[in-house]
$ cat structure15.cif   # mmCIF, C-alpha atoms
data_coords
#
loop_
_atom_site.label_atom_id
_atom_site.label_comp_id
_atom_site.auth_asym_id
_atom_site.auth_seq_id
_atom_site.Cartn_x
_atom_site.Cartn_y
_atom_site.Cartn_z
CA MET H 1 8.32 29.53 -9.30
CA ARG H 2 5.38 30.62 -11.44
CA ILE H 3 3.98 28.03 -13.86
CA THR H 4 2.14 29.57 -16.80
CA ASN H 5 -0.13 28.41 -19.63
CA ALA H 6 -0.81 24.95 -18.20
CA ASN H 7 -4.11 23.07 -18.03
CA VAL H 8 -4.50 22.41 -14.32
CA TRP H 9 -6.77 19.80 -12.68
CA ILE H 10 -9.10 21.77 -10.42
CA ASP H 11 -12.25 20.25 -8.87
CA GLY H 12 -12.52 17.43 -11.39
CA LYS H 13 -11.67 19.24 -14.61
CA PHE H 14 -8.81 20.96 -16.40
CA VAL H 15 -8.63 24.74 -16.11
CA LYS H 16 -6.07 26.99 -17.79
CA LYS H 17 -4.43 28.99 -15.02
CA ASP H 18 -1.10 29.98 -13.49
CA LEU H 19 0.34 28.18 -10.48
CA CYS H 20 2.74 29.73 -8.01
CA ILE H 21 5.01 27.85 -5.63
CA GLU H 22 7.06 29.10 -2.71
CA LYS H 23 9.02 26.95 -0.26
CA GLY H 24 7.38 23.80 -1.63
CA ILE H 25 3.80 25.07 -1.16
CA PHE H 26 1.20 26.32 -3.64
CA ILE H 27 0.55 30.01 -2.93
CA ASP H 28 -1.70 32.82 -4.16
CA CYS H 29 -0.14 34.15 -7.38
CA ASN H 30 -1.07 37.70 -6.33
CA LYS H 31 1.49 37.31 -3.54
CA TYR H 32 4.23 35.85 -5.75
CA LEU H 33 7.09 38.31 -6.33
CA ASP H 34 9.87 36.14 -7.79
CA GLU H 35 10.67 36.46 -11.50
CA LYS H 36 11.24 32.72 -12.11
CA VAL H 37 8.70 31.47 -14.67
CA LEU H 38 8.14 28.03 -16.20
CA ASN H 39 6.01 28.05 -19.37
CA LEU H 40 4.14 24.75 -19.77
CA GLU H 41 2.14 25.69 -22.85
CA GLY H 42 -0.14 22.81 -23.86
CA LYS H 43 0.74 20.56 -20.91
CA TYR H 44 -1.67 19.05 -18.37
CA ILE H 45 -1.10 19.02 -14.62
CA LEU H 46 -2.53 16.56 -12.11
CA PRO H 47 -1.83 16.44 -8.37
CA GLY H 48 0.80 13.82 -7.57
CA PHE H 49 -0.70 10.38 -7.11
CA SER H 50 -0.79 9.25 -3.49
CA ASP H 51 -1.05 5.53 -2.72
CA SER H 52 -2.78 5.14 0.65
CA HIS H 53 -1.44 1.64 1.27
CA ALA H 54 1.66 0.03 -0.23
CA HIS H 55 5.03 -1.34 0.85
CA VAL H 56 7.93 0.70 -0.51
CA LEU H 57 10.58 -1.77 0.64
CA GLY H 58 8.47 -4.67 -0.60
CA ILE H 59 8.33 -3.08 -4.04
CA GLY H 60 12.09 -2.59 -4.10
CA ILE H 61 12.81 -6.11 -2.86
CA LYS H 62 10.56 -7.60 -5.53
CA LEU H 63 12.29 -5.54 -8.23
CA LEU H 64 15.71 -6.78 -7.06
CA THR H 65 14.91 -10.46 -6.54
CA LEU H 66 13.35 -13.34 -8.49
CA ASN H 67 9.92 -12.51 -9.92
CA LEU H 68 7.73 -15.64 -9.73
CA GLU H 69 4.59 -14.21 -11.35
CA ASN H 70 3.26 -16.11 -14.37
CA THR H 71 6.28 -18.39 -14.53
CA ASP H 72 7.36 -21.97 -13.90
CA VAL H 73 8.57 -21.60 -10.31
CA VAL H 74 10.85 -24.62 -10.26
CA ASP H 75 12.35 -23.80 -13.64
CA ALA H 76 12.99 -20.19 -12.61
CA VAL H 77 14.87 -21.30 -9.49
CA LEU H 78 16.93 -23.93 -11.32
CA LYS H 79 17.99 -21.40 -13.95
CA SER H 80 19.06 -18.80 -11.39
CA ASN H 81 22.77 -18.41 -10.69
CA ASP H 82 22.19 -16.72 -7.35
CA LYS H 83 23.72 -18.44 -4.32
CA PHE H 84 20.69 -17.52 -2.23
CA ILE H 85 17.26 -17.60 -3.88
CA LEU H 86 14.62 -15.15 -2.71
CA GLY H 87 11.56 -14.78 -4.92
CA ARG H 88 7.98 -13.61 -4.76
CA GLY H 89 4.84 -13.86 -6.85
CA TRP H 90 3.57 -17.46 -7.03
CA SER H 91 -0.13 -18.12 -6.54
CA ASN H 92 -0.12 -21.94 -6.49
CA LEU H 93 2.89 -24.10 -5.79
CA PRO H 94 3.80 -26.67 -8.48
CA GLN H 95 3.48 -30.37 -7.66
CA ASN H 96 7.21 -30.92 -8.19
CA ILE H 97 8.26 -28.21 -5.71
CA GLU H 98 10.18 -30.75 -3.58
CA ILE H 99 12.83 -30.91 -6.33
CA LEU H 100 14.12 -27.67 -4.86
CA ASN H 101 15.24 -29.53 -1.73
CA GLU H 102 17.98 -31.03 -3.88
CA VAL H 103 19.58 -27.72 -4.92
CA ASP H 104 22.68 -26.75 -2.98
CA LYS H 105 21.45 -23.34 -1.84
CA PRO H 106 18.71 -21.87 0.35
CA VAL H 107 15.44 -21.19 -1.49
CA ILE H 108 12.73 -18.89 -0.12
CA LEU H 109 9.62 -18.45 -2.27
CA ILE H 110 7.02 -15.96 -1.05
CA ARG H 111 3.45 -16.14 -2.23
CA ARG H 112 2.04 -13.17 -4.16
CA CYS H 113 0.03 -12.02 -1.12
CA GLY H 114 3.10 -11.88 1.13
CA HIS H 115 1.42 -13.95 3.85
CA ILE H 116 2.73 -17.42 2.89
CA ALA H 117 6.22 -18.65 1.98
CA TRP H 118 7.69 -21.99 0.90
CA ILE H 119 11.27 -22.69 2.00
CA ASN H 120 13.53 -25.61 1.13
CA LYS H 121 15.56 -27.63 3.67
CA LEU H 122 18.66 -25.47 3.48
CA ALA H 123 16.54 -22.36 4.08
CA GLN H 124 14.92 -24.13 7.03
CA GLU H 125 18.35 -24.69 8.56
CA MET H 126 19.25 -21.03 8.00
CA LEU H 127 16.02 -19.82 9.62
CA GLY H 128 15.97 -22.40 12.41
CA MET H 129 12.61 -23.70 11.19
CA ASN H 130 11.37 -27.25 10.64
CA LYS H 131 8.56 -26.75 8.15
CA PHE H 132 8.16 -26.03 4.45
CA LEU H 133 5.31 -23.52 4.64
CA LEU H 134 5.57 -20.37 6.73
CA GLU H 135 2.54 -18.23 7.52
CA GLU H 136 1.98 -14.65 8.70
CA ASP H 137 4.48 -13.52 11.39
CA GLU H 138 6.74 -16.50 10.68
CA LEU H 139 7.85 -14.64 7.54
CA GLU H 140 9.42 -11.91 9.68
CA LYS H 141 12.50 -14.12 10.14
CA ILE H 142 13.10 -13.96 6.39
CA TRP H 143 13.51 -10.19 6.40
CA GLU H 144 16.04 -10.36 9.21
CA LEU H 145 18.42 -12.20 6.84
CA LEU H 146 18.86 -9.24 4.51
CA PRO H 147 21.64 -6.67 5.12
CA GLU H 148 21.02 -2.96 5.54
CA ASP H 149 22.78 -2.12 2.27
CA PHE H 150 20.25 -4.26 0.41
CA TYR H 151 17.35 -2.40 2.03
CA ILE H 152 18.89 0.95 1.11
CA GLU H 153 19.20 -0.18 -2.51
CA ALA H 154 15.64 -1.56 -2.53
CA PHE H 155 14.24 1.65 -1.03
CA GLU H 156 16.01 3.80 -3.63
CA LYS H 157 14.91 1.53 -6.49
CA ALA H 158 11.28 1.58 -5.40
CA GLN H 159 11.13 5.35 -5.03
CA ASN H 160 12.63 5.93 -8.47
CA GLU H 161 10.18 3.54 -10.13
CA MET H 162 7.18 5.00 -8.30
CA LEU H 163 8.17 8.52 -9.32
CA LYS H 164 8.21 7.40 -12.95
CA LYS H 165 4.52 6.49 -12.50
CA GLY H 166 3.69 9.92 -11.08
CA ILE H 167 3.48 8.74 -7.46
CA THR H 168 4.69 11.49 -5.15
CA SER H 169 3.53 10.10 -1.80
CA VAL H 170 2.64 6.77 -0.27
CA HIS H 171 1.33 5.47 3.04
CA SER H 172 3.86 2.72 3.52
CA ASP H 173 4.39 -0.31 5.76
CA ASP H 174 8.12 -1.11 5.96
CA PHE H 175 9.00 -1.99 9.56
CA HIS H 176 9.55 -5.69 8.90
CA GLY H 177 12.86 -7.33 9.79
CA ILE H 178 14.76 -4.05 9.92
CA THR H 179 15.78 -1.97 12.91
CA PHE H 180 14.07 1.29 13.76
CA GLU H 181 17.39 3.02 13.09
CA THR H 182 17.48 1.62 9.56
CA LEU H 183 13.87 2.65 8.96
CA THR H 184 14.48 6.23 10.07
CA LYS H 185 17.65 6.36 7.95
CA LEU H 186 15.57 5.40 4.92
CA LEU H 187 12.84 7.92 5.70
CA LYS H 188 15.32 10.76 6.13
CA ARG H 189 16.66 10.16 2.62
CA SER H 190 13.25 9.72 0.98
CA LYS H 191 12.57 11.48 -2.32
CA ILE H 192 8.83 10.92 -2.28
CA ARG H 193 6.64 11.78 0.70
CA ILE H 194 6.32 8.65 2.83
CA TYR H 195 3.73 8.33 5.58
CA GLU H 196 4.91 5.33 7.54
CA LYS H 197 2.57 3.00 9.42
CA LEU H 198 4.78 1.39 12.06
CA TYR H 199 4.21 -2.36 12.36
CA THR H 200 4.47 -2.91 16.12
CA THR H 201 2.50 -4.02 19.15
CA LYS H 202 4.56 -1.66 21.36
CA PRO H 203 4.22 1.79 19.79
CA TRP H 204 5.27 3.52 23.02
CA LYS H 205 8.85 2.38 22.32
CA TYR H 206 9.22 4.50 19.17
CA ALA H 207 9.26 8.08 17.92
CA PHE H 208 6.28 9.21 15.84
CA LYS H 209 7.41 12.39 14.11
CA ASP H 210 8.75 13.89 10.89
CA PHE H 211 11.86 12.49 9.25
CA GLY H 212 12.80 14.79 6.40
CA LYS H 213 9.78 15.18 4.10
CA SER H 214 8.39 11.92 5.48
CA LYS H 215 6.89 11.00 8.83
CA ILE H 216 5.80 8.10 11.03
CA PHE H 217 2.14 8.83 11.69
CA GLY H 218 0.43 5.62 12.78
CA VAL H 219 0.48 1.98 13.83
CA LYS H 220 -0.09 -1.00 11.52
CA LEU H 221 -1.66 -4.21 12.84
CA PHE H 222 -2.99 -7.40 11.28
CA ALA H 223 -6.39 -8.84 12.14
CA ASP H 224 -6.13 -11.72 9.67
CA GLY H 225 -4.27 -12.97 6.59
CA SER H 226 -5.16 -13.32 2.91
CA LEU H 227 -7.91 -14.95 0.87
CA GLY H 228 -5.37 -16.58 -1.45
CA GLY H 229 -3.54 -18.12 1.49
CA LYS H 230 -6.89 -19.05 3.10
CA THR H 231 -5.85 -17.21 6.25
CA ALA H 232 -8.35 -14.34 5.96
CA PHE H 233 -10.77 -14.86 8.89
CA LEU H 234 -14.31 -15.77 7.81
CA SER H 235 -17.60 -16.41 9.59
CA THR H 236 -18.00 -19.67 7.63
CA PRO H 237 -15.23 -22.08 6.62
CA TYR H 238 -13.62 -22.01 3.18
CA SER H 239 -15.79 -24.25 1.01
CA ASP H 240 -12.98 -26.61 0.02
CA THR H 241 -12.17 -27.34 3.68
CA LYS H 242 -14.04 -28.83 6.62
CA ASP H 243 -13.15 -26.41 9.37
CA ASN H 244 -10.73 -23.77 8.12
CA PHE H 245 -12.13 -20.35 8.99
CA GLY H 246 -8.77 -18.64 8.51
CA ARG H 247 -6.88 -16.94 11.32
CA PHE H 248 -7.66 -14.05 13.65
CA VAL H 249 -4.30 -12.59 14.67
CA LEU H 250 -5.07 -9.20 16.21
CA PRO H 251 -2.74 -8.72 19.22
CA GLN H 252 -4.22 -9.22 22.67
CA ASN H 253 -3.14 -5.74 23.76
CA PHE H 254 -5.11 -4.09 20.94
CA LYS H 255 -7.10 -1.87 23.29
CA ASP H 256 -3.91 -0.60 24.94
CA ILE H 257 -2.51 0.26 21.50
CA VAL H 258 -5.67 2.14 20.53
CA GLU H 259 -5.73 4.11 23.78
CA PHE H 260 -2.07 5.06 23.31
CA ALA H 261 -2.80 6.11 19.73
CA ASP H 262 -5.74 8.29 20.78
CA LYS H 263 -3.67 10.03 23.46
CA ASN H 264 -0.87 10.73 21.00
CA ASN H 265 -2.94 11.67 17.93
CA LEU H 266 -1.89 8.56 15.98
CA GLN H 267 -3.93 6.49 13.57
CA VAL H 268 -4.29 2.74 14.05
CA CYS H 269 -4.45 0.97 10.68
CA VAL H 270 -5.72 -2.61 10.76
CA HIS H 271 -5.33 -5.11 7.90
CA THR H 272 -8.78 -6.72 7.79
CA ILE H 273 -10.03 -8.86 4.88
CA GLY H 274 -12.42 -11.52 6.18
CA ASP H 275 -15.96 -10.63 7.29
CA GLU H 276 -15.56 -12.14 10.76
CA ALA H 277 -12.25 -10.35 11.25
CA LEU H 278 -14.00 -7.09 10.40
CA THR H 279 -16.82 -7.72 12.88
CA ARG H 280 -14.35 -8.35 15.68
CA VAL H 281 -12.20 -5.34 14.79
CA LEU H 282 -15.24 -3.06 14.82
CA ASP H 283 -16.32 -4.52 18.16
CA LEU H 284 -12.87 -4.03 19.69
CA PHE H 285 -12.50 -0.47 18.42
CA GLY H 286 -15.77 0.32 20.18
CA LYS H 287 -16.22 4.09 20.10
CA HIS H 288 -12.58 4.84 19.29
CA TYR H 289 -13.58 6.28 15.93
CA GLY H 290 -11.51 7.75 13.11
CA HIS H 291 -8.98 4.95 12.77
CA ARG H 292 -8.36 3.07 9.53
CA ILE H 293 -9.23 -0.34 8.15
CA ILE H 294 -7.19 -1.61 5.22
CA HIS H 295 -8.84 -3.82 2.56
CA ALA H 296 -12.38 -4.61 3.89
CA GLN H 297 -13.09 -6.93 0.97
CA LEU H 298 -15.84 -8.90 2.74
CA VAL H 299 -18.40 -7.05 4.84
CA LYS H 300 -21.39 -8.47 6.67
CA LYS H 301 -24.52 -6.58 5.69
CA ALA H 302 -25.25 -6.15 9.40
CA ASP H 303 -21.90 -4.35 9.83
CA PHE H 304 -22.10 -2.00 6.87
CA LEU H 305 -23.45 1.11 8.61
CA ARG H 306 -20.82 0.76 11.33
CA LEU H 307 -18.16 1.49 8.72
CA LYS H 308 -19.05 5.20 8.68
CA ASN H 309 -17.07 5.72 11.89
CA PHE H 310 -13.76 4.79 10.23
CA VAL H 311 -11.71 5.48 7.11
CA PHE H 312 -10.53 2.90 4.60
CA SER H 313 -7.70 2.10 2.21
CA ILE H 314 -9.28 -0.02 -0.51
CA GLN H 315 -8.09 -1.71 -3.71
CA PRO H 316 -10.65 -1.72 -6.58
CA HIS H 317 -8.50 -4.13 -8.62
CA PHE H 318 -8.86 -6.86 -5.99
CA TYR H 319 -12.45 -7.35 -7.17
CA PHE H 320 -11.05 -8.60 -10.47
CA GLU H 321 -7.86 -10.27 -9.22
CA ASP H 322 -9.70 -12.36 -6.62
CA ARG H 323 -12.29 -13.98 -8.88
CA GLU H 324 -10.71 -17.42 -8.66
CA ILE H 325 -10.20 -17.44 -4.90
CA ILE H 326 -13.48 -15.78 -3.86
CA LYS H 327 -15.37 -18.88 -5.07
CA TYR H 328 -14.26 -20.62 -1.85
CA VAL H 329 -16.11 -18.05 0.28
CA SER H 330 -19.79 -18.16 1.22
CA LYS H 331 -21.70 -15.15 -0.15
CA LYS H 332 -24.60 -15.37 2.30
CA ASN H 333 -25.45 -12.09 4.04
CA LEU H 334 -22.25 -10.45 2.78
CA TYR H 335 -21.30 -7.48 0.64
CA LEU H 336 -18.34 -8.44 -1.52
CA TYR H 337 -15.89 -5.64 -2.35
CA PRO H 338 -18.56 -2.98 -1.63
CA PHE H 339 -16.23 -0.08 -2.44
CA LYS H 340 -18.62 1.94 -4.62
CA LYS H 341 -21.43 1.43 -2.12
CA MET H 342 -19.11 2.67 0.64
CA TYR H 343 -18.25 5.79 -1.36
CA ASP H 344 -21.87 6.50 -2.27
CA THR H 345 -22.84 6.15 1.40
CA GLY H 346 -20.29 8.78 2.41
CA ILE H 347 -17.81 6.42 4.06
CA GLY H 348 -14.26 7.79 3.84
CA ILE H 349 -12.23 5.74 1.38
CA SER H 350 -8.97 6.20 -0.47
CA PHE H 351 -7.47 4.14 -3.28
CA SER H 352 -4.31 2.09 -2.91
CA SER H 353 -2.39 -0.58 -4.78
CA ASP H 354 -1.11 -2.77 -1.92
CA ALA H 355 2.03 -3.12 -4.05
CA PRO H 356 3.98 -5.34 -4.44
CA VAL H 357 0.94 -7.62 -4.13
CA SER H 358 -0.41 -5.80 -7.21
CA PRO H 359 1.20 -3.36 -9.67
CA PHE H 360 2.00 0.11 -8.32
CA ASP H 361 0.76 1.76 -11.51
CA PRO H 362 -2.03 4.24 -10.58
CA TRP H 363 -3.81 3.62 -13.88
CA TYR H 364 -4.07 -0.09 -13.09
CA VAL H 365 -6.06 0.84 -9.98
CA ILE H 366 -8.05 3.64 -11.62
CA ASN H 367 -9.10 1.52 -14.62
CA SER H 368 -10.45 -1.11 -12.22
CA ALA H 369 -12.35 1.60 -10.35
CA LEU H 370 -13.94 2.78 -13.58
CA LYS H 371 -15.20 -0.76 -14.21
CA LEU H 372 -16.77 -0.74 -10.72
CA GLY H 373 -18.75 2.40 -11.56
CA PHE H 374 -16.55 5.19 -10.20
CA SER H 375 -16.33 8.22 -12.48
CA PHE H 376 -12.97 9.40 -13.80
CA ALA H 377 -13.06 12.52 -11.61
CA GLU H 378 -13.94 10.44 -8.53
CA SER H 379 -11.12 8.02 -9.28
CA ILE H 380 -8.53 10.78 -9.59
CA LYS H 381 -9.70 12.34 -6.33
CA LEU H 382 -9.59 9.00 -4.52
CA TYR H 383 -6.00 8.40 -5.65
CA THR H 384 -4.80 11.91 -4.80
CA GLU H 385 -6.72 14.20 -2.47
CA SER H 386 -8.46 11.49 -0.44
CA SER H 387 -5.12 10.00 0.58
CA GLY H 388 -4.37 13.23 2.39
CA GLU H 389 -7.85 13.64 3.81
CA ILE H 390 -7.76 10.36 5.74
CA ILE H 391 -4.66 11.53 7.64
CA ASN H 392 -5.33 15.30 7.66
CA GLU H 393 -2.37 16.12 5.41
CA LYS H 394 -2.47 18.82 2.72
CA ILE H 395 -1.43 16.68 -0.21
CA GLY H 396 -3.08 15.50 -3.41
CA LYS H 397 -4.73 18.78 -4.35
CA ILE H 398 -3.62 21.78 -6.39
CA LYS H 399 -4.69 24.52 -4.03
CA GLU H 400 -3.12 27.30 -1.98
CA GLY H 401 -1.56 25.89 1.20
CA TYR H 402 -1.10 22.39 -0.19
CA LYS H 403 2.22 20.63 -0.84
CA ALA H 404 3.44 21.37 -4.36
CA ASP H 405 3.56 17.74 -5.53
CA PHE H 406 2.30 17.32 -9.09
CA VAL H 407 2.65 15.48 -12.39
CA VAL H 408 2.95 17.15 -15.78
CA PHE H 409 1.54 15.24 -18.78
CA ASN H 410 2.19 15.95 -22.44
CA ASP H 411 -1.32 14.89 -23.47
CA LYS H 412 -4.90 15.33 -22.29
CA GLU H 413 -5.33 11.55 -22.24
CA LEU H 414 -2.70 11.48 -19.46
CA THR H 415 -0.68 8.68 -21.04
CA ASP H 416 2.67 10.47 -21.46
CA ILE H 417 4.38 11.85 -18.35
CA ASN H 418 6.55 14.88 -19.03
CA SER H 419 7.86 15.50 -15.52
CA VAL H 420 7.15 14.90 -11.83
CA TYR H 421 7.59 17.45 -9.02
CA VAL H 422 7.81 17.04 -5.24
CA ASP H 423 7.92 20.17 -3.09
CA GLY H 424 7.95 22.14 -6.33
CA LYS H 425 11.24 20.50 -7.38
CA LYS H 426 11.52 18.45 -10.56
CA LEU H 427 12.55 14.85 -9.78
CA VAL H 428 11.64 13.17 -13.09
#
$ encode --input "structure15.cif" --output "structure tokens"
Amino acid sequence: MRITNANVWIDGKFVKKDLCIEKGIFIDCNKYLDEKVLNLEGKYILPGFSDSHAHVLGIGIKLLTLNLENTDVVDAVLKSNDKFILGRGWSNLPQNIEILNEVDKPVILIRRCGHIAWINKLAQEMLGMNKFLLEEDELEKIWELLPEDFYIEAFEKAQNEMLKKGITSVHSDDFHGITFETLTKLLKRSKIRIYEKLYTTKPWKYAFKDFGKSKIFGVKLFADGSLGGKTAFLSTPYSDTKDNFGRFVLPQNFKDIVEFADKNNLQVCVHTIGDEALTRVLDLFGKHYGHRIIHAQLVKKADFLRLKNFVFSIQPHFYFEDREIIKYVSKKNLYLYPFKKMYDTGIGISFSSDAPVSPFDPWYVINSALKLGFSFAESIKLYTESSGEIINEKIGKIKEGYKADFVVFNDKELTDINSVYVDGKKLV
């Protein structure tokens, strides 16, 4: 296909030029012999957005279950007619939450961050638990309750909604409570390009390869939890507690995982939010460079230069979303959300939403980045091209040899999506 008369995003600006696509790849138009032509007079083309850290299944599950954001949690549950209540999005539990022990159905309410859940007594019986609040890996039992058909529906729903936002690829984290067979079934039927980070402490048990247009490329591990749940691991305790430093949860066989990854050309991606968690992760990686750290919201000044040996998935919007919870963290000798400083220093970063924790709308992330001092051109690059650079994939750039994933806008302001293409095929 030859695309003519479009304004194409090239090196940070729009240029009027033809694009040629063959077998899903941008090619030199001088070598294009087919007669198929698409005239996009007056339209504007960006590379497809690529989210370097999100949860496709998490997005779909949230879209299909009870949304608890900005709502009266108890009231929302009581008004629901569902026989099994699964919801996500609360930030602080209401004082009257125990009323939900009186309803005649299981209730599972997951915090916005995804690291904490409240469950009523019937849900406790179902899960074989004897506590109201679950933390970190304890939530894995929740996902085991859901049938495969539900995951298939959630996966499809999430992909369709992400495509509508111009997202053509995502580095996802979906191996929670589902079998490997179910995961690979989902990847094989993916519409968008999914780069899966496999959540496991035993990567040698699984296949890391292509599945359709998607692939399993790396390992996902957790070093700590979340600031909102006060489980992110800090060097000083949270100010409203006496001795809560959060939790350090990196698996004991971390070095074995890293060595396996290096031998098999895999990337280890570590969720790391607290400053002390970051120090320990950097120490344990040692000279195994090139792996990825996800989040890095709190960085000790003494650790900053060590970051240059790794790549990062960061979320500019967290700087603004976390204003209420960051007040419980000591600021001494720390850089808080130093994303622009990282970029200016030449540290490899890429933008991500961490959806469904935050909206999966690229402009939500980009507008936050602009407020932090990133230029518009930098922000576009960090949400497209950089996502491919940190895993050596030719995506996110309109250039010969790159995947033909792109978004067509009706207007120069990029507010009105006309169509979305993956592999040169129109999907929206």
$ resolve_selection --input "structure15.cif" --expression "the PyMOL selection byres ((chain H and resi 348-352) around 6)" --output "number ranges by chain"
H: 51-53, 311-315, 347, 353-354, 382-383, 386-387
$ closest_residue --input "structure15.cif" --among "H:Ile192, H:Val73, H:Leu307, H:Leu227" --to "Lys215 (chain H)" --atoms "all atoms listed in the file"
H:Ile192
$ resolve_selection --input "structure15.cif" --expression "the PyMOL selection byres ((chain H and resi 102) around 12)" --output "VMD selection string"
chain H and resid 74 77 to 78 96 to 101 103 to 107 120 to 123
$ residues_around --input "structure15.cif" --residues "Lys371 (chain H)" --least-positions-apart "2" --cutoff "12 Å" --atoms "all atoms listed in the file" --output "ChimeraX atom specification"
/H:316-317,319-320,339-340,364-369,373-376,379
$ residues_around --input "structure15.cif" --residues "region 414-419 of chain H" --least-positions-apart "2" --cutoff "12 Å" --atoms "only C-alpha atoms" --output "short mmCIF file (atom, residue, chain, number, x, y, z; two decimals) with C-alpha atoms, in the coordinates of the input"
data_model
loop_
_atom_site.label_atom_id
_atom_site.label_comp_id
_atom_site.auth_asym_id
_atom_site.auth_seq_id
_atom_site.Cartn_x
_atom_site.Cartn_y
_atom_site.Cartn_z
CA ASN H 7 -4.11 23.07 -18.03
CA TRP H 9 -6.77 19.80 -12.68
CA PHE H 14 -8.81 20.96 -16.40
CA LEU H 40 4.14 24.75 -19.77
CA GLY H 42 -0.14 22.81 -23.86
CA LYS H 43 0.74 20.56 -20.91
CA TYR H 44 -1.67 19.05 -18.37
CA ILE H 45 -1.10 19.02 -14.62
CA LEU H 46 -2.53 16.56 -12.11
CA GLY H 48 0.80 13.82 -7.57
CA LEU H 163 8.17 8.52 -9.32
CA LYS H 164 8.21 7.40 -12.95
CA LYS H 165 4.52 6.49 -12.50
CA GLY H 166 3.69 9.92 -11.08
CA ILE H 167 3.48 8.74 -7.46
CA THR H 168 4.69 11.49 -5.15
CA ASP H 361 0.76 1.76 -11.51
CA PRO H 362 -2.03 4.24 -10.58
CA TRP H 363 -3.81 3.62 -13.88
CA PHE H 376 -12.97 9.40 -13.80
CA ILE H 380 -8.53 10.78 -9.59
CA ASP H 405 3.56 17.74 -5.53
CA PHE H 406 2.30 17.32 -9.09
CA VAL H 407 2.65 15.48 -12.39
CA VAL H 408 2.95 17.15 -15.78
CA PHE H 409 1.54 15.24 -18.78
CA ASN H 410 2.19 15.95 -22.44
CA ASP H 411 -1.32 14.89 -23.47
CA LYS H 412 -4.90 15.33 -22.29
CA TYR H 421 7.59 17.45 -9.02
CA VAL H 422 7.81 17.04 -5.24
CA GLY H 424 7.95 22.14 -6.33
CA LYS H 425 11.24 20.50 -7.38
CA LYS H 426 11.52 18.45 -10.56
CA LEU H 427 12.55 14.85 -9.78
CA VAL H 428 11.64 13.17 -13.09
#
$ residues_around --input "structure15.cif" --residues "Lys399 (chain H)" --least-positions-apart "3" --cutoff "8 Å" --atoms "all atoms listed in the file" --output "PyMOL selection string"
chain H and resi 26-27+402
$ axis_aligned_box --input "structure15.cif" --around "region 294-301 of chain H" --padding-each-side "8 Å" --output "lines of an AutoDock Vina configuration file"
center_x = -15.9
center_y = -5.3
center_z = 3.8
size_x = 33.3
size_y = 23.3
size_z = 21.7
$ atom_distance --input "structure15.cif" --atom1 "CA of Gly87 (chain H)" --atom2 "CA of Lys62 (chain H)"
7.3 Å
$ closest_residue --input "structure15.cif" --among "H:Ile390, H:Leu93, H:Leu86, H:Ile398" --to "Ile25 (chain H)" --atoms "all atoms listed in the file"
H:Ile398
$ residues_around --input "structure15.cif" --residues "Val219 (chain H)" --least-positions-apart "4" --cutoff "7 Å" --atoms "all atoms listed in the file" --output "list of chain:residue names"
H:Lys197, H:Leu198, H:Tyr199, H:Thr200, H:Gln267, H:Val268, H:Cys269
$ atom_distance --input "structure15.cif" --atom1 "CA of Asn253 (chain H)" --atom2 "CA of Phe285 (chain H)"
12.0 Å
$ resolve_selection --input "structure15.cif" --expression "the PyMOL selection byres ((chain H and resi 260) around 12)" --output "tab-separated table (two decimals) with C-alpha atoms, in the frame of the given file"
chain	number	residue	atom	x	y	z
H	201	THR	CA	2.50	-4.02	19.15
H	202	LYS	CA	4.56	-1.66	21.36
H	203	PRO	CA	4.22	1.79	19.79
H	204	TRP	CA	5.27	3.52	23.02
H	205	LYS	CA	8.85	2.38	22.32
H	208	PHE	CA	6.28	9.21	15.84
H	218	GLY	CA	0.43	5.62	12.78
H	219	VAL	CA	0.48	1.98	13.83
H	253	ASN	CA	-3.14	-5.74	23.76
H	254	PHE	CA	-5.11	-4.09	20.94
H	255	LYS	CA	-7.10	-1.87	23.29
H	256	ASP	CA	-3.91	-0.60	24.94
H	257	ILE	CA	-2.51	0.26	21.50
H	258	VAL	CA	-5.67	2.14	20.53
H	259	GLU	CA	-5.73	4.11	23.78
H	261	ALA	CA	-2.80	6.11	19.73
H	262	ASP	CA	-5.74	8.29	20.78
H	263	LYS	CA	-3.67	10.03	23.46
H	264	ASN	CA	-0.87	10.73	21.00
H	265	ASN	CA	-2.94	11.67	17.93
H	266	LEU	CA	-1.89	8.56	15.98
H	267	GLN	CA	-3.93	6.49	13.57
H	268	VAL	CA	-4.29	2.74	14.05
H	288	HIS	CA	-12.58	4.84	19.29
$ residues_around --input "structure15.cif" --residues "Arg247 (chain H)" --least-positions-apart "6" --cutoff "6 Å" --atoms "all atoms listed in the file" --output "list in words"
Asp224, Thr231 and Phe233 of chain H
$ atom_distance --input "structure15.cif" --atom1 "CA of Ser169 (chain H)" --atom2 "CA of Leu63 (chain H)"
19.0 Å
$ closest_residue --input "structure15.cif" --among "H:Leu221, H:Ile108, H:Leu334, H:Cys113" --to "Leu133 (chain H)" --atoms "all atoms listed in the file"
H:Ile108
